[in-house]
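Visitor: My questions will all concern the structure given below.
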Amino acid sequence: MEKKDIAGIRKQFKTDNDLLNISNIFNVYIMKDSTDIYHAQRQPFGMLDSDQQELFLNNFKKILTGQLNEKLFELKFQRDAENSSQLILHKGLLGSAEDFEDHMLQMTEKMIQDHPYEKDIVITFIKAEYMKPTRRSNDETEENSRDTVYSHPFILCTINKTEEPKKEIQFDYVEKEFKYKVEVDPIIDLKNPLTGFMFPCFTNDTSDVNHVLYAASKANEPDYRFIEEVLNGEEIMTAKEDKAVFEEVIKDVVGDQLSPSTLATVYSEINQTIEEHDADEAPKLDYRDVERILTSSGEKVETEKVKEAFARITDNEAYELKANSVVPKFKSKSIKIQTKIANIAISPQDLQYIKQVNYKGKRCIMIELEEDAEIEGFKMIPEVFGE
């Protein structure tokens with residue numbers, strides 16, 4: 001899935017939206033330190049009052065929030081997996097409301113099998129359909145843009161922890177006394193889902209039942225047990241891991257010393273690859289692409305050496321790095337230059353203006369400027385270099 005596909009579905013989670021039909025919601029309560037289902041309840045989503053619907057809709061929106069390959073991961077299902085989640089989810093999606101409930105109970109069993117949670121949790125499943133008009137409205141045509149739509153049935157799951165209710169001291173105006181108030185009903189934390197997933201994935205208005213979208217609790221910290229044992233997804237690499245692989249490959253090939261201008265050119269080449277790539281598919285870099293980028297940046301490297309570096313670091317010479325993961329987005333993210341004195345943040349395209357120089361026998365960072373620098377609103381006084 002691309003960012004625009006996820007954003008397109010996420011923004012549909014709002015009340016009174018005729019483009020989104022949530023037919024059923026199924027909630028399962030699991031007690032802490034237990035691998036048994038304490039209670040399960042399925043009902044039509046439309047039977048909830050509007051305030052309840054809004055709480056859940058915000059929860060569903062939360063689970064689809066985050067950067068791809070950092071917090072959201074498109075997983076390819078393992079082939080020939082035992083008790084395949086792909087098959088369970090597909091049957092639940094195509095079947096009746098009762099079938100949906102039965103198959104989601106199977107998914108629940110996979111989640112809690114040999115894995116008790118530290119707190120009571122609530123697992124929520126919805127069966128829904130997102131209808132996307134094939135084209136925008138056009139007042140000059142008689143055809144309504146909603147006469148023809150893409151229909152996207154899907155299942156979405158969120159796992160939410162519960163919190164103990166607050167204990168309070170209250171004052172009774174009538175009896176004129178202080179009273180201790182304690183609630184026994186746990187509160188479901190719908191604002192901070194632990195994890196979740198959506199099946200199937202969508203790309204350019206086409207369903208892809210061979211992939212599932214997984215949401216981690218924190219960026220670059222996916223739950224590999226959940227991915228492999230619950231969803232039966234194939235192994236993944238986070239954006240952070242991909243960036244680390246890229247850096248290790250570069251160090252292996254050209255060493256750990258690069259001039260800022262060379263590094264700026266490397267990032268510029270990768271950014272250009274991203275911009276020129278087909279927007280419908282995430283661009284990737286193999287060893288040939290890395291060799292080309294380094295050569296364009298003025299480094300003399302051999303293809304075979306880059307290939308060997310890939311094989312040594314990833315155990316797979318054919319491994320492909322996700323281009324978006326290894327380079328900061330120009331004009332939106334910055335690169336940190338770390339020293340013991342201070343840390344400097346600068347955009348990738350401005351690295352060419354940074355140099356490390358020797359000044360009076362000491363190493364210094366020199367930044368080329370087009371105007372006077374300011375410190376807390378005060379302009380710095382120019383000093384003659386060498387004094």
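Convention: chains lettered A, B, ... in structure tokens order; per-chain residue numbering from 1; ligands numbered from 1 as shown.
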For region 205-220 of chain A, list every protein, DNA or RNA residue within 6 Å, evaluated using only C-alpha atoms, and leave out those in the same chain fewer than 2 positions away; present the list as a PyMOL selection string.
Guide: chain A and resi 70-77+194-203+222+238
Visitor: Check the DSSP output for the backbone and give back, as a PyMOL selection string, the residues of region 133-271 of chain A in strand (DSSP E).
Guide: chain A and resi 133+149-163+167-172+177-182+187-188+195-199+201-203+206-208+211-215
Visitor: Take the residues just selected and output them with N, CA and C atoms as a tab-separated table (two decimals), in the first residue's frame.
Guide:
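Result went into again_19.tsv, see below:
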chain	number	residue	atom	x	y	z
A	133	PRO	N	-15.76	6.67	-5.10
A	133	PRO	CA	-16.23	7.05	-6.44
A	133	PRO	C	-15.13	6.91	-7.47
A	149	VAL	N	-18.79	3.17	-8.25
A	149	VAL	CA	-17.79	3.25	-7.19
A	149	VAL	C	-16.94	1.99	-7.17
A	150	TYR	N	-15.73	2.15	-6.60
A	150	TYR	CA	-14.92	0.98	-6.26
A	150	TYR	C	-15.37	0.51	-4.88
A	151	SER	N	-15.62	-0.76	-4.75
A	151	SER	CA	-16.05	-1.31	-3.47
A	151	SER	C	-14.88	-2.04	-2.83
A	152	HIS	N	-14.55	-1.67	-1.59
A	152	HIS	CA	-13.42	-2.26	-0.88
A	152	HIS	C	-13.89	-2.88	0.44
A	153	PRO	N	-14.29	-4.14	0.46
A	153	PRO	CA	-14.60	-4.79	1.75
A	153	PRO	C	-13.30	-5.05	2.50
A	154	PHE	N	-13.34	-4.88	3.82
A	154	PHE	CA	-12.13	-5.13	4.60
A	154	PHE	C	-12.47	-5.47	6.04
A	155	ILE	N	-11.50	-6.05	6.71
A	155	ILE	CA	-11.57	-6.33	8.14
A	155	ILE	C	-10.48	-5.51	8.81
A	156	LEU	N	-10.83	-4.86	9.90
A	156	LEU	CA	-9.84	-4.10	10.66
A	156	LEU	C	-9.89	-4.55	12.12
A	157	CYS	N	-8.71	-4.68	12.72
A	157	CYS	CA	-8.60	-5.14	14.10
A	157	CYS	C	-7.74	-4.18	14.91
A	158	THR	N	-8.17	-3.88	16.12
A	158	THR	CA	-7.34	-3.12	17.05
A	158	THR	C	-7.30	-3.86	18.39
A	159	ILE	N	-6.16	-3.78	19.04
A	159	ILE	CA	-6.01	-4.36	20.38
A	159	ILE	C	-5.75	-3.21	21.34
A	160	ASN	N	-6.58	-3.12	22.37
A	160	ASN	CA	-6.50	-2.01	23.30
A	160	ASN	C	-6.39	-2.51	24.74
A	161	LYS	N	-5.52	-1.88	25.50
A	161	LYS	CA	-5.39	-2.24	26.91
A	161	LYS	C	-6.51	-1.58	27.71
A	162	THR	N	-6.68	-2.02	28.94
A	162	THR	CA	-7.64	-1.39	29.84
A	162	THR	C	-6.90	-0.77	31.01
A	163	GLU	N	-7.52	0.23	31.60
A	163	GLU	CA	-6.94	0.90	32.76
A	163	GLU	C	-7.90	0.77	33.94
A	167	LYS	N	-9.71	6.08	41.81
A	167	LYS	CA	-10.31	6.09	43.14
A	167	LYS	C	-10.34	7.54	43.62
A	168	GLU	N	-11.49	7.97	44.13
A	168	GLU	CA	-11.67	9.37	44.45
A	168	GLU	C	-12.33	9.57	45.81
A	169	ILE	N	-12.05	10.73	46.37
A	169	ILE	CA	-12.76	11.18	47.58
A	169	ILE	C	-13.74	12.27	47.16
A	170	GLN	N	-15.01	12.08	47.49
A	170	GLN	CA	-16.03	13.05	47.13
A	170	GLN	C	-16.66	13.65	48.38
A	171	PHE	N	-17.22	14.87	48.22
A	171	PHE	CA	-17.95	15.49	49.32
A	171	PHE	C	-19.43	15.48	49.00
A	172	ASP	N	-20.22	14.96	49.90
A	172	ASP	CA	-21.67	14.88	49.75
A	172	ASP	C	-22.28	16.13	50.37
A	177	GLU	N	-20.75	15.11	54.26
A	177	GLU	CA	-19.69	14.20	54.69
A	177	GLU	C	-18.81	13.84	53.49
A	178	PHE	N	-17.60	13.40	53.83
A	178	PHE	CA	-16.67	12.97	52.79
A	178	PHE	C	-16.90	11.48	52.52
A	179	LYS	N	-16.90	11.12	51.23
A	179	LYS	CA	-17.15	9.72	50.88
A	179	LYS	C	-16.05	9.21	49.94
A	180	TYR	N	-15.76	7.98	50.12
A	180	TYR	CA	-14.77	7.31	49.26
A	180	TYR	C	-15.52	6.65	48.10
A	181	LYS	N	-15.12	7.02	46.89
A	181	LYS	CA	-15.79	6.49	45.71
A	181	LYS	C	-14.80	5.64	44.91
A	182	VAL	N	-15.20	4.45	44.58
A	182	VAL	CA	-14.35	3.59	43.76
A	182	VAL	C	-15.21	2.87	42.73
A	187	ILE	N	-11.61	0.71	32.36
A	187	ILE	CA	-11.79	1.65	31.25
A	187	ILE	C	-10.96	1.18	30.07
A	188	ILE	N	-11.58	1.07	28.91
A	188	ILE	CA	-10.87	0.65	27.70
A	188	ILE	C	-10.16	1.86	27.10
A	195	THR	N	-1.77	-2.44	19.13
A	195	THR	CA	-1.40	-2.92	17.80
A	195	THR	C	-2.69	-3.21	17.03
A	196	GLY	N	-2.55	-3.64	15.80
A	196	GLY	CA	-3.73	-3.95	15.00
A	196	GLY	C	-3.34	-4.27	13.57
A	197	PHE	N	-4.34	-4.50	12.74
A	197	PHE	CA	-4.08	-4.81	11.33
A	197	PHE	C	-5.32	-4.56	10.49
A	198	MET	N	-5.11	-4.49	9.19
A	198	MET	CA	-6.22	-4.37	8.23
A	198	MET	C	-5.99	-5.37	7.10
A	199	PHE	N	-7.06	-6.06	6.72
A	199	PHE	CA	-7.00	-7.04	5.64
A	199	PHE	C	-8.22	-6.84	4.73
A	201	CYS	N	-4.93	-5.56	1.84
A	201	CYS	CA	-4.32	-4.29	1.46
A	201	CYS	C	-4.97	-3.79	0.18
A	202	PHE	N	-4.81	-2.50	-0.09
A	202	PHE	CA	-5.36	-1.89	-1.31
A	202	PHE	C	-4.27	-1.08	-2.00
A	203	THR	N	-4.18	-1.24	-3.29
A	203	THR	CA	-3.26	-0.44	-4.09
A	203	THR	C	-3.95	-0.03	-5.36
A	206	THR	N	-7.37	-1.56	-6.02
A	206	THR	CA	-7.39	-3.00	-6.24
A	206	THR	C	-7.06	-3.71	-4.94
A	207	SER	N	-7.90	-4.68	-4.55
A	207	SER	CA	-7.66	-5.43	-3.32
A	207	SER	C	-6.51	-6.41	-3.53
A	208	ASP	N	-5.70	-6.57	-2.50
A	208	ASP	CA	-4.57	-7.50	-2.55
A	208	ASP	C	-4.67	-8.43	-1.34
A	211	HIS	N	-1.56	-9.72	0.95
A	211	HIS	CA	-0.87	-8.86	1.90
A	211	HIS	C	-1.83	-8.37	2.97
A	212	VAL	N	-1.28	-8.10	4.15
A	212	VAL	CA	-2.04	-7.53	5.26
A	212	VAL	C	-1.26	-6.35	5.80
A	213	LEU	N	-1.95	-5.29	6.21
A	213	LEU	CA	-1.30	-4.11	6.76
A	213	LEU	C	-1.25	-4.24	8.27
A	214	TYR	N	-0.05	-4.25	8.81
A	214	TYR	CA	0.17	-4.41	10.25
A	214	TYR	C	0.59	-3.09	10.87
A	215	ALA	N	0.06	-2.78	12.06
A	215	ALA	CA	0.39	-1.54	12.76
A	215	ALA	C	1.11	-1.86	14.06
Visitor: Please list as an mmCIF file with all heavy atoms, in the first residue's frame every residue within 7 Å of region 78-88 of chain A, counting only C-alpha atoms and excluding residues in the same chain fewer than 3 positions away.
Guide:
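Generated output (selection04.cif):
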data_model
loop_
_atom_site.group_PDB
_atom_site.id
_atom_site.type_symbol
_atom_site.label_atom_id
_atom_site.label_comp_id
_atom_site.auth_asym_id
_atom_site.auth_seq_id
_atom_site.Cartn_x
_atom_site.Cartn_y
_atom_site.Cartn_z
ATOM 1 N N LYS A 91 -11.999 -15.958 4.642
ATOM 2 C CA LYS A 91 -13.295 -16.587 4.885
ATOM 3 C C LYS A 91 -14.181 -15.675 5.732
ATOM 4 O O LYS A 91 -15.387 -15.569 5.493
ATOM 5 C CB LYS A 91 -13.097 -17.928 5.579
ATOM 6 C CG LYS A 91 -12.568 -19.035 4.670
ATOM 7 C CD LYS A 91 -12.449 -20.351 5.425
ATOM 8 C CE LYS A 91 -12.006 -21.487 4.504
ATOM 9 N NZ LYS A 91 -11.877 -22.763 5.241
ATOM 10 N N GLY A 92 -13.583 -15.020 6.724
ATOM 11 C CA GLY A 92 -14.353 -14.111 7.553
ATOM 12 C C GLY A 92 -14.866 -12.914 6.780
ATOM 13 O O GLY A 92 -15.955 -12.395 7.053
ATOM 14 N N HIS A 103 -14.653 -16.813 12.635
ATOM 15 C CA HIS A 103 -13.271 -16.711 12.157
ATOM 16 C C HIS A 103 -12.462 -15.691 12.958
ATOM 17 O O HIS A 103 -11.255 -15.858 13.137
ATOM 18 C CB HIS A 103 -13.253 -16.379 10.668
ATOM 19 C CG HIS A 103 -13.681 -17.525 9.799
ATOM 20 N ND1 HIS A 103 -14.955 -17.672 9.330
ATOM 21 C CD2 HIS A 103 -12.989 -18.607 9.348
ATOM 22 C CE1 HIS A 103 -15.044 -18.778 8.610
ATOM 23 N NE2 HIS A 103 -13.859 -19.361 8.606
ATOM 24 N N LEU A 231 -0.186 -13.317 12.422
ATOM 25 C CA LEU A 231 -0.581 -12.955 11.055
ATOM 26 C C LEU A 231 0.060 -13.846 9.991
ATOM 27 O O LEU A 231 -0.346 -13.801 8.833
ATOM 28 C CB LEU A 231 -0.210 -11.492 10.781
ATOM 29 C CG LEU A 231 -0.968 -10.452 11.614
ATOM 30 C CD1 LEU A 231 -0.447 -9.056 11.312
ATOM 31 C CD2 LEU A 231 -2.459 -10.532 11.369
ATOM 32 N N ASN A 232 1.049 -14.659 10.381
ATOM 33 C CA ASN A 232 1.778 -15.496 9.416
ATOM 34 C C ASN A 232 2.394 -14.663 8.305
ATOM 35 O O ASN A 232 2.365 -15.034 7.128
ATOM 36 C CB ASN A 232 0.855 -16.558 8.801
ATOM 37 C CG ASN A 232 0.212 -17.463 9.831
ATOM 38 O OD1 ASN A 232 -0.975 -17.766 9.747
ATOM 39 N ND2 ASN A 232 0.969 -17.888 10.834
ATOM 40 N N GLY A 233 2.949 -13.505 8.693
ATOM 41 C CA GLY A 233 3.604 -12.645 7.721
ATOM 42 C C GLY A 233 5.063 -13.008 7.548
ATOM 43 O O GLY A 233 5.692 -13.582 8.444
ATOM 44 N N GLU A 234 5.613 -12.677 6.393
ATOM 45 C CA GLU A 234 7.025 -12.920 6.134
ATOM 46 C C GLU A 234 7.883 -11.902 6.887
ATOM 47 O O GLU A 234 7.400 -10.873 7.367
ATOM 48 C CB GLU A 234 7.314 -12.851 4.635
ATOM 49 C CG GLU A 234 6.689 -13.993 3.842
ATOM 50 C CD GLU A 234 7.136 -13.994 2.388
ATOM 51 O OE1 GLU A 234 7.784 -13.008 1.969
ATOM 52 O OE2 GLU A 234 6.836 -14.973 1.679
#
Visitor: With DSSP run on the backbone, what are the alpha helix (DSSP H) residues within region 109-259 of chain A? I'd like them as a CSV table (one decimal) with N, CA, C and O atoms, in the first residue's frame.
Guide:
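This is the output file part.csv:
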chain,number,residue,atom,x,y,z
A,109,GLU,N,-7.8,-16.6,19.2
A,109,GLU,CA,-7.1,-17.7,19.8
A,109,GLU,C,-5.6,-17.7,19.4
A,109,GLU,O,-4.7,-18.0,20.2
A,110,LYS,N,-5.3,-17.3,18.2
A,110,LYS,CA,-3.9,-17.2,17.7
A,110,LYS,C,-3.2,-16.1,18.5
A,110,LYS,O,-2.0,-16.2,18.8
A,111,MET,N,-3.9,-15.0,18.8
A,111,MET,CA,-3.3,-13.9,19.5
A,111,MET,C,-2.9,-14.2,20.9
A,111,MET,O,-1.8,-13.8,21.4
A,112,ILE,N,-3.8,-15.0,21.6
A,112,ILE,CA,-3.6,-15.2,23.0
A,112,ILE,C,-2.9,-16.6,23.4
A,112,ILE,O,-2.6,-16.8,24.5
A,224,TYR,N,7.5,-9.0,16.4
A,224,TYR,CA,7.8,-10.1,15.4
A,224,TYR,C,7.0,-11.3,15.7
A,224,TYR,O,6.7,-12.1,14.8
A,225,ARG,N,6.7,-11.6,17.0
A,225,ARG,CA,5.9,-12.8,17.3
A,225,ARG,C,4.5,-12.6,16.7
A,225,ARG,O,4.0,-13.5,16.1
A,239,ALA,N,12.4,0.7,8.6
A,239,ALA,CA,13.1,1.8,8.0
A,239,ALA,C,14.4,2.0,8.7
A,239,ALA,O,15.5,2.3,8.0
A,240,LYS,N,14.4,1.9,10.0
A,240,LYS,CA,15.6,2.1,10.8
A,240,LYS,C,16.7,1.1,10.5
A,240,LYS,O,17.9,1.4,10.3
A,241,GLU,N,16.2,-0.2,10.3
A,241,GLU,CA,17.2,-1.3,10.0
A,241,GLU,C,17.7,-1.1,8.5
A,241,GLU,O,18.9,-1.4,8.3
A,242,ASP,N,16.8,-0.7,7.6
A,242,ASP,CA,17.2,-0.5,6.2
A,242,ASP,C,18.3,0.6,6.2
A,242,ASP,O,19.3,0.5,5.4
A,243,LYS,N,18.1,1.7,6.9
A,243,LYS,CA,19.0,2.8,6.9
A,243,LYS,C,20.4,2.3,7.5
A,243,LYS,O,21.5,2.7,6.9
A,244,ALA,N,20.3,1.5,8.5
A,244,ALA,CA,21.6,0.9,9.1
A,244,ALA,C,22.3,0.0,8.1
A,244,ALA,O,23.5,0.1,8.0
A,245,VAL,N,21.6,-0.8,7.3
A,245,VAL,CA,22.2,-1.6,6.3
A,245,VAL,C,22.8,-0.8,5.2
A,245,VAL,O,24.0,-1.0,4.8
A,246,PHE,N,22.1,0.3,4.8
A,246,PHE,CA,22.7,1.2,3.8
A,246,PHE,C,24.0,1.8,4.2
A,246,PHE,O,25.0,1.8,3.5
A,247,GLU,N,24.0,2.3,5.5
A,247,GLU,CA,25.2,2.9,6.0
A,247,GLU,C,26.4,1.9,6.1
A,247,GLU,O,27.5,2.2,5.8
A,248,GLU,N,26.1,0.7,6.5
A,248,GLU,CA,27.1,-0.4,6.6
A,248,GLU,C,27.7,-0.7,5.3
A,248,GLU,O,28.9,-1.0,5.1
A,249,VAL,N,26.8,-0.8,4.3
A,249,VAL,CA,27.2,-1.1,2.9
A,249,VAL,C,28.2,0.0,2.4
A,249,VAL,O,29.2,-0.3,1.8
A,250,ILE,N,27.8,1.2,2.6
A,250,ILE,CA,28.6,2.3,2.2
A,250,ILE,C,30.0,2.3,2.8
A,250,ILE,O,31.1,2.5,2.2
A,251,LYS,N,30.0,2.1,4.2
A,251,LYS,CA,31.3,2.0,4.9
A,251,LYS,C,32.1,0.8,4.4
A,251,LYS,O,33.4,0.9,4.3
A,252,ASP,N,31.5,-0.3,4.1
A,252,ASP,CA,32.2,-1.5,3.6
A,252,ASP,C,32.8,-1.2,2.3
A,252,ASP,O,33.9,-1.7,2.0
A,253,VAL,N,32.2,-0.4,1.4
A,253,VAL,CA,32.7,-0.2,0.1
A,253,VAL,C,33.7,0.9,0.0
A,253,VAL,O,34.7,0.8,-0.7
A,254,VAL,N,33.4,2.1,0.6
A,254,VAL,CA,34.3,3.2,0.4
A,254,VAL,C,34.9,3.7,1.7
A,254,VAL,O,35.6,4.7,1.8
Visitor: Please report the interatomic distance between CA of Ala318 (chain A) and CA of Glu2 (chain A) in Å with one decimal.
Guide: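 Rounded to one decimal, the two atoms are 23.2 Å apart.
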Visitor: Which residue, A:Ile37, A:Leu294, A:Ala282, A:Ile227, has the smallest gap to Val306 (chain A) when you use only C-alpha atoms?
Guide: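 Selected residue with least distance to Val306 (chain A): A:Leu294.
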